[in-house]
>>> print(open('target22.txt').read())   # compact mmCIF, C-alpha atoms
# COMPACT_ATOMS: atom_id res chain seq x y z
CA MET A 1 35.64 -14.11 6.47
CA THR A 2 36.24 -13.86 2.74
CA ASP A 3 33.57 -13.22 0.16
CA SER A 4 33.29 -16.32 -2.03
CA ARG A 5 30.87 -14.78 -4.54
CA PRO A 6 32.22 -14.44 -8.07
CA ARG A 7 33.46 -10.96 -8.89
CA THR A 8 31.43 -9.07 -11.46
CA SER A 9 32.87 -6.53 -13.86
CA ARG A 10 31.57 -2.97 -13.93
CA ARG A 11 30.38 -3.50 -17.48
CA THR A 12 28.41 -6.63 -16.49
CA VAL A 13 26.73 -4.80 -13.62
CA LEU A 14 25.78 -1.86 -15.85
CA THR A 15 24.51 -4.19 -18.54
CA ALA A 16 22.23 -5.96 -16.07
CA LEU A 17 20.92 -2.75 -14.50
CA LEU A 18 20.40 -0.95 -17.80
CA GLY A 19 18.00 -3.50 -19.20
CA GLY A 20 20.37 -6.01 -20.75
CA ALA A 21 22.27 -3.78 -23.15
CA LEU A 22 25.06 -1.30 -22.61
CA SER A 23 25.08 -0.27 -26.26
CA VAL A 24 21.89 1.72 -26.42
CA PRO A 25 20.85 4.87 -28.25
CA LEU A 26 23.00 7.10 -28.60
CA LEU A 27 25.00 4.45 -30.47
CA GLY A 28 28.61 4.99 -31.44
CA ALA A 29 28.51 3.27 -34.82
CA ALA A 30 28.14 6.35 -36.98
CA PRO A 31 31.06 8.51 -38.13
CA ALA A 32 31.39 12.02 -36.77
CA SER A 33 30.56 13.47 -40.18
CA SER A 34 27.00 12.09 -39.87
CA VAL A 35 26.19 14.18 -36.80
CA PRO A 36 24.11 17.19 -37.85
CA ALA A 37 25.28 20.66 -36.90
CA ALA A 38 21.78 21.85 -35.97
CA ALA A 39 20.99 22.37 -32.29
CA LEU A 40 19.15 19.65 -30.40
CA GLU A 41 15.75 20.34 -28.89
CA LEU A 42 13.51 18.51 -26.43
CA PRO A 43 9.85 17.89 -27.30
CA PRO A 44 7.59 20.96 -27.11
CA LEU A 45 5.49 21.29 -23.97
CA THR A 46 1.76 20.67 -24.26
CA GLY A 47 0.56 21.88 -20.86
CA PRO A 48 -0.93 25.35 -20.28
CA HIS A 49 1.80 26.65 -17.96
CA PRO A 50 5.16 28.19 -18.80
CA VAL A 51 7.87 26.26 -16.94
CA GLY A 52 10.59 27.56 -14.66
CA ARG A 53 13.57 25.59 -13.37
CA ARG A 54 15.78 25.91 -10.31
CA THR A 55 18.72 23.70 -9.42
CA LEU A 56 19.28 22.83 -5.77
CA HIS A 57 22.21 21.25 -3.97
CA LEU A 58 20.79 19.40 -0.96
CA VAL A 59 22.82 17.71 1.78
CA ASP A 60 21.31 15.40 4.38
CA ARG A 61 23.65 15.87 7.35
CA HIS A 62 21.83 13.22 9.36
CA ARG A 63 22.82 10.37 7.05
CA GLY A 64 26.16 9.10 5.88
CA ASP A 65 26.71 8.39 2.23
CA PRO A 66 26.28 4.64 1.52
CA TRP A 67 29.09 4.65 -1.06
CA VAL A 68 31.67 7.01 0.43
CA PRO A 69 31.62 6.86 4.27
CA THR A 70 34.02 9.80 4.54
CA ALA A 71 31.59 12.13 2.72
CA ARG A 72 30.02 14.82 4.85
CA GLY A 73 26.42 13.76 4.56
CA ARG A 74 24.38 12.48 1.65
CA GLU A 75 24.57 14.92 -1.27
CA LEU A 76 21.87 15.30 -3.90
CA MET A 77 21.47 17.52 -6.94
CA VAL A 78 17.85 18.38 -7.68
CA SER A 79 16.35 20.11 -10.70
CA VAL A 80 12.97 21.56 -9.75
CA SER A 81 10.65 22.33 -12.66
CA TYR A 82 7.47 24.25 -11.84
CA PRO A 83 4.60 26.28 -13.29
CA ALA A 84 5.96 29.78 -13.78
CA ARG A 85 4.86 33.28 -14.62
CA PRO A 86 5.74 34.35 -18.17
CA SER A 87 9.39 35.38 -18.13
CA GLY A 88 11.88 36.80 -20.57
CA GLY A 89 14.70 34.97 -18.83
CA HIS A 90 17.22 32.70 -20.49
CA PRO A 91 16.48 29.00 -21.15
CA ALA A 92 17.48 26.53 -18.45
CA ALA A 93 20.50 24.45 -19.40
CA TYR A 94 20.03 20.80 -20.31
CA MET A 95 23.28 19.73 -18.65
CA THR A 96 26.82 20.97 -18.30
CA GLU A 97 29.48 20.09 -20.87
CA SER A 98 31.28 18.05 -18.23
CA GLU A 99 28.14 16.00 -17.60
CA ALA A 100 27.53 15.58 -21.34
CA ARG A 101 31.11 14.46 -21.94
CA ARG A 102 30.82 11.66 -19.38
CA LEU A 103 27.45 10.50 -20.67
CA LEU A 104 28.82 10.34 -24.22
CA GLU A 105 31.81 8.35 -22.98
CA LEU A 106 29.46 5.81 -21.38
CA LYS A 107 27.57 5.49 -24.66
CA GLY A 108 30.78 5.05 -26.67
CA LEU A 109 30.32 8.40 -28.44
CA ALA A 110 33.32 10.36 -27.27
CA GLY A 111 34.74 11.99 -30.40
CA VAL A 112 31.56 11.31 -32.38
CA VAL A 113 29.15 13.79 -30.80
CA PRO A 114 30.48 17.06 -29.34
CA ALA A 115 29.68 17.45 -25.65
CA ALA A 116 28.65 21.03 -26.33
CA THR A 117 25.96 19.80 -28.73
CA VAL A 118 24.28 17.66 -26.07
CA ALA A 119 24.79 20.18 -23.28
CA GLY A 120 23.19 22.87 -25.44
CA THR A 121 19.93 20.99 -25.99
CA LEU A 122 16.97 23.42 -25.84
CA THR A 123 14.77 22.57 -22.85
CA HIS A 124 11.72 24.93 -23.08
CA ALA A 125 12.13 25.89 -19.39
CA GLN A 126 13.25 29.28 -18.13
CA ALA A 127 16.00 29.40 -15.54
CA ASP A 128 14.81 30.78 -12.17
CA ALA A 129 11.55 32.13 -13.58
CA PRO A 130 9.14 33.50 -10.94
CA PRO A 131 6.69 30.83 -9.73
CA ALA A 132 3.06 30.95 -10.82
CA PRO A 133 0.45 31.63 -8.13
CA GLY A 134 -1.37 28.69 -6.64
CA ARG A 135 -0.58 25.34 -5.04
CA PHE A 136 0.36 22.30 -7.09
CA PRO A 137 1.01 18.60 -6.60
CA LEU A 138 4.64 17.51 -6.22
CA VAL A 139 6.14 14.72 -8.35
CA LEU A 140 9.63 13.33 -7.77
CA LEU A 141 11.69 11.63 -10.50
CA SER A 142 14.60 9.21 -10.01
CA PRO A 143 16.78 8.21 -13.02
CA GLY A 144 18.20 4.85 -14.03
CA PHE A 145 21.36 3.38 -12.53
CA SER A 146 24.45 5.33 -13.64
CA MET A 147 22.22 7.78 -15.54
CA PRO A 148 21.99 11.49 -14.66
CA ARG A 149 18.65 13.10 -13.79
CA THR A 150 18.92 15.10 -17.01
CA THR A 151 17.79 12.05 -19.02
CA LEU A 152 14.29 12.70 -17.60
CA THR A 153 14.23 16.41 -18.45
CA ALA A 154 11.51 16.18 -21.12
CA LEU A 155 9.20 14.32 -18.73
CA ALA A 156 9.91 16.79 -15.91
CA GLY A 157 9.12 19.76 -18.13
CA GLU A 158 5.95 18.25 -19.55
CA VAL A 159 4.54 17.30 -16.15
CA ALA A 160 5.40 20.76 -14.79
CA ALA A 161 3.65 22.42 -17.73
CA ARG A 162 0.51 20.48 -16.81
CA GLY A 163 0.49 22.00 -13.32
CA TYR A 164 2.94 20.17 -11.06
CA VAL A 165 6.13 20.93 -9.21
CA VAL A 166 8.59 18.28 -10.40
CA ALA A 167 11.85 17.40 -8.64
CA ALA A 168 14.33 15.32 -10.67
CA VAL A 169 16.95 13.92 -8.29
CA ASP A 170 20.56 12.88 -8.83
CA HIS A 171 21.93 10.54 -6.18
CA ALA A 172 25.60 11.12 -5.35
CA TYR A 173 28.07 8.47 -6.56
CA GLU A 174 25.36 6.64 -8.56
CA SER A 175 25.77 8.59 -11.82
CA VAL A 176 28.57 8.64 -14.37
CA GLY A 177 28.17 12.39 -14.82
CA THR A 178 26.58 14.69 -12.26
CA GLU A 179 28.22 18.03 -11.59
CA PHE A 180 28.10 19.36 -8.06
CA PRO A 181 28.95 22.91 -6.91
CA GLY A 182 32.51 23.92 -7.64
CA GLY A 183 32.63 21.81 -10.80
CA ARG A 184 32.97 18.53 -8.88
CA VAL A 185 31.86 15.43 -10.80
CA PRO A 186 31.98 12.53 -8.31
CA PRO A 187 32.74 9.09 -9.76
CA CYS A 188 30.07 6.41 -10.00
CA VAL A 189 31.31 4.46 -6.99
CA ALA A 190 28.13 2.39 -6.98
CA CYS A 191 28.91 1.19 -10.51
CA ASP A 192 31.98 -0.61 -9.15
CA ARG A 193 30.29 -2.07 -6.08
CA VAL A 194 26.80 -3.23 -7.04
CA GLY A 195 27.01 -6.93 -7.78
CA VAL A 196 30.38 -7.15 -6.03
CA ASP A 197 29.94 -6.39 -2.34
CA VAL A 198 26.42 -4.89 -2.28
CA ASP A 199 23.20 -5.77 -4.06
CA GLU A 200 20.69 -3.74 -6.04
CA ALA A 201 18.33 -3.53 -3.05
CA THR A 202 20.91 -1.30 -1.34
CA VAL A 203 20.51 1.21 -4.17
CA VAL A 204 16.72 1.00 -4.03
CA ARG A 205 16.46 1.55 -0.28
CA GLY A 206 19.05 4.32 -0.31
CA ARG A 207 17.18 6.17 -3.02
CA ALA A 208 13.93 5.84 -1.09
CA ALA A 209 15.59 7.62 1.83
CA ASP A 210 16.94 10.26 -0.58
CA LEU A 211 13.50 10.96 -2.02
CA SER A 212 11.90 11.27 1.41
CA PHE A 213 14.60 13.78 2.34
CA VAL A 214 13.85 15.78 -0.81
CA ILE A 215 10.18 15.89 0.20
CA ASP A 216 11.22 17.15 3.65
CA GLU A 217 13.31 19.92 2.13
CA LEU A 218 10.90 21.05 -0.57
CA THR A 219 7.90 21.23 1.76
CA ASP A 220 9.76 23.17 4.48
CA ARG A 221 9.00 26.86 3.95
CA ARG A 222 12.02 27.95 5.96
CA ARG A 223 14.38 26.12 3.61
CA ALA A 224 12.58 26.05 0.26
CA GLY A 225 10.80 29.42 0.46
CA ALA A 226 8.70 30.18 -2.61
CA LEU A 227 8.96 26.62 -3.92
CA ALA A 228 7.48 25.23 -0.71
CA ARG A 229 4.60 27.68 -0.89
CA MET A 230 3.73 26.28 -4.34
CA ILE A 231 3.53 22.66 -3.15
CA ASP A 232 0.42 20.96 -1.84
CA PRO A 233 1.94 18.41 0.61
CA GLY A 234 -1.24 16.35 0.48
CA ARG A 235 -0.67 15.52 -3.21
CA ILE A 236 2.73 13.91 -3.75
CA GLY A 237 3.70 11.34 -6.39
CA VAL A 238 6.92 9.65 -7.50
CA ALA A 239 8.16 8.06 -10.73
CA GLY A 240 11.44 6.62 -11.88
CA HIS A 241 13.19 4.96 -14.77
CA SER A 242 14.88 1.57 -14.39
CA ILE A 243 16.14 1.22 -10.81
CA GLY A 244 14.58 4.62 -10.19
CA GLY A 245 11.23 2.93 -10.78
CA ALA A 246 12.04 0.41 -8.06
CA ALA A 247 12.91 3.35 -5.82
CA ALA A 248 9.50 4.88 -6.56
CA LEU A 249 7.71 1.88 -5.07
CA ALA A 250 10.16 1.62 -2.18
CA THR A 251 9.59 5.29 -1.37
CA MET A 252 5.85 4.69 -1.21
CA ALA A 253 6.43 1.75 1.14
CA ALA A 254 8.60 3.87 3.45
CA ASP A 255 6.79 7.22 3.25
CA ARG A 256 3.04 7.53 3.65
CA ARG A 257 3.13 11.07 2.23
CA VAL A 258 3.58 9.67 -1.28
CA ARG A 259 0.14 8.95 -2.73
CA ALA A 260 0.93 7.44 -6.16
CA GLY A 261 3.86 6.04 -8.12
CA VAL A 262 5.11 4.90 -11.54
CA ASN A 263 7.87 2.48 -12.59
CA LEU A 264 9.25 3.07 -16.09
CA ASP A 265 10.80 -0.21 -17.26
CA GLY A 266 12.63 -1.12 -14.07
CA GLY A 267 13.00 -4.33 -12.12
CA PHE A 268 12.03 -4.07 -8.46
CA PHE A 269 15.00 -5.90 -6.84
CA VAL A 270 13.47 -5.84 -3.35
CA PRO A 271 11.96 -9.27 -2.54
CA ASP A 272 8.79 -7.89 -0.92
CA ALA A 273 8.22 -5.04 -3.39
CA GLY A 274 4.59 -3.97 -3.30
CA HIS A 275 4.01 -4.66 0.40
CA ARG A 276 3.17 -1.82 2.76
CA ILE A 277 1.68 0.61 0.26
CA GLY A 278 -1.91 -0.30 1.12
CA ARG A 279 -4.38 0.73 -1.55
CA ARG A 280 -2.35 3.58 -3.00
CA PRO A 281 -2.20 3.48 -6.83
CA PHE A 282 0.83 2.27 -8.77
CA MET A 283 1.51 1.86 -12.49
CA MET A 284 4.19 -0.20 -14.24
CA ILE A 285 4.93 0.56 -17.88
CA GLY A 286 7.82 -1.03 -19.74
CA ALA A 287 9.18 -2.77 -22.80
CA GLU A 288 7.04 -5.72 -23.88
CA ALA A 289 10.07 -7.91 -24.65
CA VAL A 290 11.34 -7.64 -21.08
CA HIS A 291 8.28 -7.11 -18.89
CA GLY A 292 5.52 -8.96 -20.71
CA PRO A 293 3.78 -11.74 -18.74
CA GLY A 294 5.63 -14.38 -20.76
CA ASN A 295 9.03 -13.31 -19.42
CA THR A 296 9.56 -15.32 -16.23
CA ALA A 297 12.82 -13.50 -15.51
CA SER A 298 10.92 -10.28 -14.76
CA ASP A 299 9.72 -9.67 -11.20
CA TRP A 300 6.72 -7.67 -12.35
CA ALA A 301 4.13 -10.44 -12.00
CA GLY A 302 4.98 -11.09 -8.35
CA THR A 303 5.05 -7.41 -7.55
CA TYR A 304 1.77 -6.79 -9.33
CA ASP A 305 0.11 -9.48 -7.20
CA ARG A 306 1.20 -7.66 -4.04
CA LEU A 307 -0.45 -4.41 -5.13
CA HIS A 308 -3.98 -4.09 -3.70
CA GLY A 309 -5.12 -0.66 -4.85
CA TRP A 310 -5.63 0.85 -8.30
CA LYS A 311 -2.92 -0.65 -10.50
CA ARG A 312 -1.87 -1.05 -14.12
CA TRP A 313 0.69 -3.29 -15.80
CA LEU A 314 1.35 -1.87 -19.26
CA THR A 315 3.86 -2.95 -21.88
CA VAL A 316 4.95 -1.19 -25.05
CA ALA A 317 5.59 -3.23 -28.21
CA GLY A 318 8.92 -2.45 -29.85
CA ALA A 319 10.22 -0.37 -26.95
CA GLY A 320 13.75 -0.55 -25.57
CA HIS A 321 14.92 0.15 -22.05
CA PHE A 322 15.62 3.83 -22.77
CA SER A 323 12.42 4.47 -24.75
CA PHE A 324 10.99 6.17 -21.66
CA THR A 325 13.78 8.77 -21.42
CA ASP A 326 15.15 11.67 -23.49
CA ILE A 327 17.87 9.54 -25.06
CA PRO A 328 16.08 8.09 -28.14
CA TRP A 329 14.49 11.47 -28.93
CA LEU A 330 17.90 13.13 -29.00
CA ALA A 331 19.56 10.17 -30.73
CA GLU A 332 17.23 10.48 -33.71
CA GLN A 333 18.05 14.17 -34.08
CA LEU A 334 21.71 13.11 -34.13
CA ARG A 335 20.90 10.44 -36.74
CA LEU A 336 22.05 7.79 -34.28
CA PRO A 337 18.94 5.70 -33.51
CA ASP A 338 19.29 2.26 -31.97
CA PRO A 339 18.74 -0.27 -34.80
CA GLU A 340 17.71 -2.91 -32.26
CA VAL A 341 14.74 -0.86 -31.00
CA PRO A 342 11.82 -0.76 -33.49
CA LEU A 343 9.88 1.94 -31.62
CA SER A 344 10.90 5.42 -32.69
CA GLY A 345 12.14 7.93 -30.15
CA GLU A 346 9.27 10.21 -31.05
CA ARG A 347 6.67 7.52 -30.46
CA GLY A 348 8.31 6.43 -27.21
CA TRP A 349 8.11 10.00 -25.97
CA TYR A 350 4.43 10.40 -26.83
CA ILE A 351 3.54 7.16 -25.03
CA THR A 352 5.55 8.10 -21.94
CA ARG A 353 4.09 11.61 -21.89
CA ASP A 354 0.51 10.48 -22.32
CA TYR A 355 0.42 7.61 -19.82
CA VAL A 356 2.49 9.20 -17.08
CA GLY A 357 0.58 12.46 -17.43
CA ALA A 358 -2.75 10.63 -17.35
CA PHE A 359 -1.74 8.65 -14.27
CA PHE A 360 -0.84 11.67 -12.18
CA ASP A 361 -3.78 13.72 -13.46
CA LEU A 362 -6.09 10.93 -12.31
CA HIS A 363 -4.56 10.24 -8.93
CA LEU A 364 -3.25 13.64 -7.85
CA ARG A 365 -5.79 15.92 -9.53
CA ASN A 366 -8.88 13.66 -9.73
CA ILE A 367 -9.30 14.23 -13.47
CA PRO A 368 -10.90 11.20 -15.22
CA GLN A 369 -8.57 9.50 -17.73
CA PRO A 370 -10.22 7.16 -20.28
CA LEU A 371 -6.73 6.39 -21.64
CA LEU A 372 -6.08 4.27 -18.55
CA HIS A 373 -9.21 2.15 -18.92
CA GLY A 374 -7.78 -0.23 -21.54
CA PRO A 375 -6.26 -0.56 -25.02
CA THR A 376 -6.96 2.28 -27.42
CA PRO A 377 -6.52 2.71 -31.20
CA SER A 378 -4.55 5.92 -30.59
CA HIS A 379 -1.86 3.95 -28.74
CA PRO A 380 -1.84 0.52 -30.39
CA GLU A 381 1.63 -0.34 -29.03
CA VAL A 382 0.43 -0.33 -25.42
CA GLY A 383 -0.83 -3.61 -23.98
CA PHE A 384 -2.76 -4.00 -20.69
CA HIS A 385 -2.03 -7.06 -18.55
CA GLN A 386 -4.03 -8.40 -15.64
CA PRO A 387 -2.62 -11.72 -14.44
>>> encode(input="target22.txt", output="structure tokens")
Amino acid sequence: MTDSRPRTSRRTVLTALLGGALSVPLLGAAPASSVPAAALELPPLTGPHPVGRRTLHLVDRHRGDPWVPTARGRELMVSVSYPARPSGGHPAAYMTESEARRLLELKGLAGVVPAATVAGTLTHAQADAPPAPGRFPLVLLSPGFSMPRTTLTALAGEVAARGYVVAAVDHAYESVGTEFPGGRVPPCVACDRVGVDVDEATVVRGRAADLSFVIDELTDRRRAGALARMIDPGRIGVAGHSIGGAAALATMAADRRVRAGVNLDGGFFVPDAGHRIGRRPFMMIGAEAVHGPGNTASDWAGTYDRLHGWKRWLTVAGAGHFSFTDIPWLAEQLRLPDPEVPLSGERGWYITRDYVGAFFDLHLRNIPQPLLHGPTPSHPEVGFHQP
């Protein structure tokens, strides 16, 4: 039987999955001479803990890879940020130059921004620092389609500094630039197939299985050692950007260990999204222009109706799809902001930091959060919706 569906270009698929625009900050419109020579730096941490970072290569030998059947298991790269003891160690790398080069190529900035400049971004985490004493909640992060986990580094560091173990996960063959051991950078096979012979729900369900496997690994003391001893397995949350946000809800539906979740500006793609999570809390926060109640193309209203526990539907005026990631923050330091996104990278970061931090502090640490009660003068861009 032949497939009669119209073929979709890779660019069209990426445009749809990345919020309707492939040209996003970091934009390639500026000449190379406009890029400042100063080093890039992520936002300073506000939590009380120093942060350590370890990078893990995990392989699920019990599952085949959905994109490359000949692969030996499902491979994941995981950056684990955690509360650490004070350490004089060297700063954790933002990304490798190979990863940065491919991300810049996707953004149309090859030859405009040096890969070494992006790779050398200061992260405020110490590589392999000794873990702090105590047990902490675990939060998993899943990036947007084709994006590497590194685009959520600021959020991972901030949440870790507040007293969480945070695992940012790269899903093999779903990123344009993720370096595996030995310098391997697998191609984004999914970029060529989603919308052609598989649908977005395949990505969502596959990532849910990935995240459950990461929980298995990080909570197993025989395999994760000191990291596992830090984690309280009774307090686990998940968040994601774009399709990673859909994966957050799907993970909750498939894995009862996950107590709370956040979607950062992603569609849900799965027709029954929101079923099977019971009364566990979930928050959706995204760009007002795309996910406001007036946009009938968004699937947020239907999903929100299927949520029966604590829930919030928040939108941010002036935000773009990437306002909830590191990208606009770094773009402004490079003098390459997106002219189509009114919200500044700095403001987008503060909103993401405050609302995601408040959500997990409330639901995984039982700390009251007035910020989540309703609109506030300190965050006038954020609207609360209750259809």
>>> closest_residue(input="target22.txt", among="A:Glu75, A:Asp60, A:Asp199, A:Asp326", to="Val270 in chain A", atoms="all atoms listed in the file")
A:Asp199
>>> atom_distance(input="target22.txt", atom1="CA of Leu372 in chain A", atom2="CA of Phe136 in chain A")
22.3 Å
>>> axis_aligned_box(input="target22.txt", around="range 312-324 of chain A", padding_each_side="8 Å", output="lines of an AutoDock Vina configuration file")
center_x = 6.9
center_y = 1.4
center_z = -22.0
size_x = 33.5
size_y = 25.5
size_z = 31.7
>>> closest_atom_pairs(input="target22.txt", of="range 172-284 of chain A", to="range 315-323 of chain A", cutoff="9 Å", atoms="all atoms listed in the file", output="Markdown table")
| residue | atom | partner | partner_atom | distance |
| --- | --- | --- | --- | --- |
| A:His241 | CA | A:Phe322 | CA | 8.4 |
| A:Ser242 | CA | A:His321 | CA | 7.8 |
| A:Leu264 | CA | A:His321 | CA | 8.7 |
| A:Asp265 | CA | A:His321 | CA | 6.3 |
| A:Gly266 | CA | A:His321 | CA | 8.4 |
| A:Met284 | CA | A:Thr315 | CA | 8.1 |
>>> atom_distance(input="target22.txt", atom1="CA of Phe282 in chain A", atom2="CA of Thr376 in chain A")
20.2 Å
>>> residues_around(input="target22.txt", residues="range 345-358 of chain A", least_positions_apart="5", cutoff="7 Å", atoms="all atoms listed in the file", output="PyMOL selection string")
chain A and resi 155+159+323-324+328-329+332+369
>>> closest_atom_pairs(input="target22.txt", of="range 146-233 of chain A", to="range 61-67 of chain A", cutoff="9 Å", atoms="all atoms listed in the file", output="Markdown table")
| residue | atom | partner | partner_atom | distance |
| --- | --- | --- | --- | --- |
| A:Ala172 | CA | A:Asp65 | CA | 8.1 |
| A:Tyr173 | CA | A:Trp67 | CA | 6.8 |
| A:Glu174 | CA | A:Trp67 | CA | 8.6 |
| A:Val189 | CA | A:Trp67 | CA | 6.3 |
| A:Ala190 | CA | A:Trp67 | CA | 6.4 |
| A:Arg193 | CA | A:Trp67 | CA | 8.5 |
| A:Thr202 | CA | A:Pro66 | CA | 8.5 |
| A:Val203 | CA | A:Pro66 | CA | 8.8 |
| A:Gly206 | CA | A:Pro66 | CA | 7.5 |
>>> atom_distance(input="target22.txt", atom1="CA of Ala248 in chain A", atom2="CA of Ser212 in chain A")
10.5 Å
>>> closest_residue(input="target22.txt", among="A:Ala250, A:Val118, A:Leu106, A:Val194", to="Val176 in chain A", atoms="all atoms listed in the file")
A:Leu106
>>> residues_around(input="target22.txt", residues="Pro233 in chain A", least_positions_apart="2", cutoff="10 Å", atoms="all atoms listed in the file", output="list in words")
Arg135, Phe136, Pro137, Leu138, Ile215, Asp216, Leu218, Thr219, Asp220, Ala228, Arg229, Met230, Ile231, Arg235, Ile236, Arg257 and Val258 of chain A
>>> residues_near_point(input="target22.txt", point="(31.3, 17.6, -29.1)", cutoff="12 Å", atoms="all atoms listed in the file", output="list in words")
Ala32, Ser33, Val35, Pro36, Ala37, Ala39, Glu97, Ser98, Ala100, Arg101, Arg102, Leu103, Leu104, Glu105, Leu109, Ala110, Gly111, Val112, Val113, Pro114, Ala115, Ala116, Thr117, Val118, Ala119, Gly120 and Leu334 of chain A
>>> closest_residue(input="target22.txt", among="A:Met95, A:Met77, A:Leu122, A:Val166", to="Arg53 in chain A", atoms="all atoms listed in the file")
A:Val166
>>> closest_residue(input="target22.txt", among="A:Cys188, A:Ala260, A:Leu76, A:Leu56", to="Gly309 in chain A", atoms="all atoms listed in the file")
A:Ala260
>>> closest_residue(input="target22.txt", among="A:Arg72, A:Arg162, A:Arg365, A:Pro148", to="Val185 in chain A", atoms="all atoms listed in the file")
A:Pro148
>>> residues_around(input="target22.txt", residues="range 297-303 of chain A", least_positions_apart="5", cutoff="12 Å", atoms="all atoms listed in the file", output="ChimeraX atom specification")
/A:19-20,245-246,249-250,263-277,282-292,308,311-315,385-387
>>> closest_residue(input="target22.txt", among="A:Val68, A:Ala247, A:Leu40, A:Ala208", to="Val262 in chain A", atoms="all atoms listed in the file")
A:Ala247
